[in-house]
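To keep things clear, I will list the structure first and then write my remarks on it.
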Amino acid sequence: MAWNDSNSIERINRAKQVLPDFYYFEQFITESKANALYQQLACLNWQQPTLTVFNKEHKIPRKQIYMGDEGTGYRYSNQLFLPEPWQGSVLNLKNTLNNWFSTQFNAVLLNWYRTGEDKMGWHADNEAELGFSPTIASISLGAVRKFKIRENSTKQVTDLPLANGSCLLMTGRSQENYQHSLPVQKRVVDGRINLTFRTVCGV
Ligand SMILES: O=C(O)CCC(=O)C(=O)O
Ligand SMILES: [Fe+2]
């Protein structure tokens, strides 16, 4: 992963380092572009798959779409997720990110949190398909939500509100040493769309 070539280093230097291996760009996309992108993406064909956890079936507490190049399918909770073809503005965003960070993102998971009741539990993005020390770029659109990062060894939790149009770059040992989650925030009534760009060695 060559995200740390000289151009990328200069860009990374403009980011706020939240924790080791977490870099935050508050306004990666301007507010008006972020709003327009949110409106476009809200019209896509969102899914709410059922996952089996400890022999119980649950609908995921949010909606999602997986997009990517051919051959970037991945297995999760005994299901095979195959990518949908790239939507135009998501493809543009992927190309921009790859230019910015010298990454080779080839897939993205979009999550739509319709209100503050939608959420994502604690996890690390450490699936085998992402390889060792993956770099992941997380773009947020819409309502500001609290992203939590918990260090595995100390259990210390850091709260990071993710702004409309922001980019959080998780790299290095971010998935090895930490877990992250997006808790319920009952007072949030507006929706949020998050896109996590990944480099997948497919199945
Ligand atoms: O919505 C977020 O900010 C987190 C999404 C996430 O952790 C993921 O897609 O793996
Ligand atoms: Fe994640």
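Ligands are numbered from 1 in the order shown, chains are lettered A, B, ... in the order of the structure tokens, and residues start at 1 in each chain.
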Applying 10 Å and only C-alpha atoms, which residues near Asn126 in chain A remain after dropping the ones on its own chain fewer than 6 positions away? List them as a CSV table (one decimal) with C-alpha atoms, in the first residue's frame.
```csv
chain,number,residue,atom,x,y,z
A,132,PHE,CA,-2.7,-7.1,6.3
A,133,SER,CA,-2.8,-3.5,7.6
A,134,PRO,CA,-5.5,-2.3,5.3
A,174,SER,CA,-5.9,0.9,13.0
A,175,GLN,CA,-7.8,-2.4,12.5
A,176,GLU,CA,-5.3,-4.5,14.5
A,179,GLN,CA,-12.3,-1.5,17.2
```
Problem - Within 8 Å of ligand 2, counting only C-alpha atoms and all ligand atoms, residues as a count of residues only - result: 6
Surrounding residues as a tab-separated table (two decimals) with N, CA and C atoms, in the first residue's frame, ligand 1, max 8 Å, only C-alpha atoms and all ligand atoms:
```tsv
chain	number	residue	atom	x	y	z
A	109	LEU	N	-18.15	0.06	0.72
A	109	LEU	CA	-19.39	-0.29	1.41
A	109	LEU	C	-20.08	1.00	1.79
A	110	LEU	N	-21.32	1.16	1.31
A	110	LEU	CA	-22.12	2.34	1.66
A	110	LEU	C	-23.09	1.95	2.75
A	111	ASN	N	-23.15	2.74	3.80
A	111	ASN	CA	-24.12	2.52	4.87
A	111	ASN	C	-24.99	3.75	5.00
A	112	TRP	N	-26.29	3.51	5.09
A	112	TRP	CA	-27.24	4.61	5.25
A	112	TRP	C	-27.91	4.44	6.62
A	113	TYR	N	-27.65	5.41	7.51
A	113	TYR	CA	-28.25	5.44	8.84
A	113	TYR	C	-29.42	6.41	8.72
A	119	LYS	N	-27.55	2.13	13.46
A	119	LYS	CA	-26.26	2.04	14.15
A	119	LYS	C	-25.37	0.97	13.54
A	120	MET	N	-24.12	0.92	14.04
A	120	MET	CA	-23.22	-0.20	13.72
A	120	MET	C	-22.46	-0.57	14.99
A	123	HIS	N	-16.60	-3.37	15.89
A	123	HIS	CA	-15.93	-4.32	14.99
A	123	HIS	C	-14.61	-3.70	14.52
A	124	ALA	N	-13.80	-4.52	13.89
A	124	ALA	CA	-12.64	-4.03	13.15
A	124	ALA	C	-12.81	-4.52	11.72
A	125	ASP	N	-12.33	-3.74	10.79
A	125	ASP	CA	-12.40	-4.18	9.39
A	125	ASP	C	-11.14	-4.98	9.10
A	138	SER	N	-12.98	6.65	4.91
A	138	SER	CA	-14.39	6.71	5.32
A	138	SER	C	-14.91	8.13	5.10
A	139	ILE	N	-15.85	8.25	4.16
A	139	ILE	CA	-16.44	9.56	3.82
A	139	ILE	C	-17.82	9.64	4.45
A	140	SER	N	-18.10	10.75	5.11
A	140	SER	CA	-19.40	10.92	5.77
A	140	SER	C	-20.20	12.04	5.12
A	145	ARG	N	-22.61	12.26	13.14
A	145	ARG	CA	-22.77	11.17	14.10
A	145	ARG	C	-21.46	10.93	14.82
A	147	PHE	N	-18.57	8.79	16.08
A	147	PHE	CA	-17.83	7.57	15.75
A	147	PHE	C	-16.98	7.25	16.96
A	162	LEU	N	-18.18	12.80	13.23
A	162	LEU	CA	-17.78	12.83	11.81
A	162	LEU	C	-18.69	13.81	11.06
A	180	HIS	N	-14.07	-0.11	16.22
A	180	HIS	CA	-14.84	1.12	16.08
A	180	HIS	C	-16.33	0.79	16.01
A	181	SER	N	-17.16	1.79	16.30
A	181	SER	CA	-18.62	1.59	16.26
A	181	SER	C	-19.32	2.93	16.02
A	182	LEU	N	-20.58	2.83	15.67
A	182	LEU	CA	-21.42	4.01	15.50
A	182	LEU	C	-22.67	3.78	16.36
A	193	ILE	N	-25.12	9.17	5.41
A	193	ILE	CA	-24.58	8.12	4.54
A	193	ILE	C	-23.07	8.10	4.73
A	194	ASN	N	-22.54	6.91	4.94
A	194	ASN	CA	-21.10	6.74	5.09
A	194	ASN	C	-20.60	5.79	4.00
A	195	LEU	N	-19.46	6.12	3.44
A	195	LEU	CA	-18.85	5.27	2.41
A	195	LEU	C	-17.46	4.87	2.89
A	196	THR	N	-17.21	3.57	3.04
A	196	THR	CA	-15.86	3.13	3.40
A	196	THR	C	-15.23	2.47	2.18
```
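Considering only C-alpha atoms, the residue among A:Gln104, A:Gln48, A:Thr154, A:Ser166 positioned nearest to Lys33 in chain A is A:Ser166.
Ranking A:Met170, A:Ile9, A:Ala143, A:Val200 by their shortest atom-to-atom distance to Glu70 in chain A, with only C-alpha atoms included, puts A:Val200 first.
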Handout entry: Selection: 10 Å around range 58-68 of chain A, only C-alpha atoms, excl. self and same-chain fewer than 4 positions, as a PyMOL selection string
Key = chain A and resi 44-53+72-74+81-87+90-91+94+105-115+117-121+184+193-200
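When CA of Leu130 in chain A is paired with CA of Asp69 in chain A, their separation reads 14.2 Å.
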Practice task
Could you pull out the residues in range 15-134 of chain A that DSSP calls alpha helix (DSSP H) from the backbone, as an NGL selection string?
Solution key: :A and (31-42 or 88-101)
Practice task
Check the smallest atom-to-atom distance from each of A:Cys167, A:Val144, A:Ile149, A:Leu37 to Pro20 in chain A using only C-alpha atoms, then report the winner.
Solution key: A:Ile149
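The residue that comes closest to Asn7 in chain A, out of A:Thr135, A:Arg187, A:Trp100, A:Glu57 and on the basis of only C-alpha atoms, is A:Trp100.
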Problem - Separation of CA of Phe22 in chain A from CA of Gly172 in chain A in Å - result: 8.6 Å
Fill in the blank from the handout: Nearest to Asn164 in chain A, restricted to only C-alpha atoms and choosing among A:Gly116, A:Glu151, A:Tyr38, A:Phe101, comes out as A:Tyr38
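Once Arg75 in chain A and its same-chain neighbours fewer than 3 positions away are set aside, Asn78, Gln79, Leu80, Phe81, Leu82, Glu127, Ala128, Glu129, Gly202 and Val203 of chain A remain within 10 Å of it when counting only C-alpha atoms.
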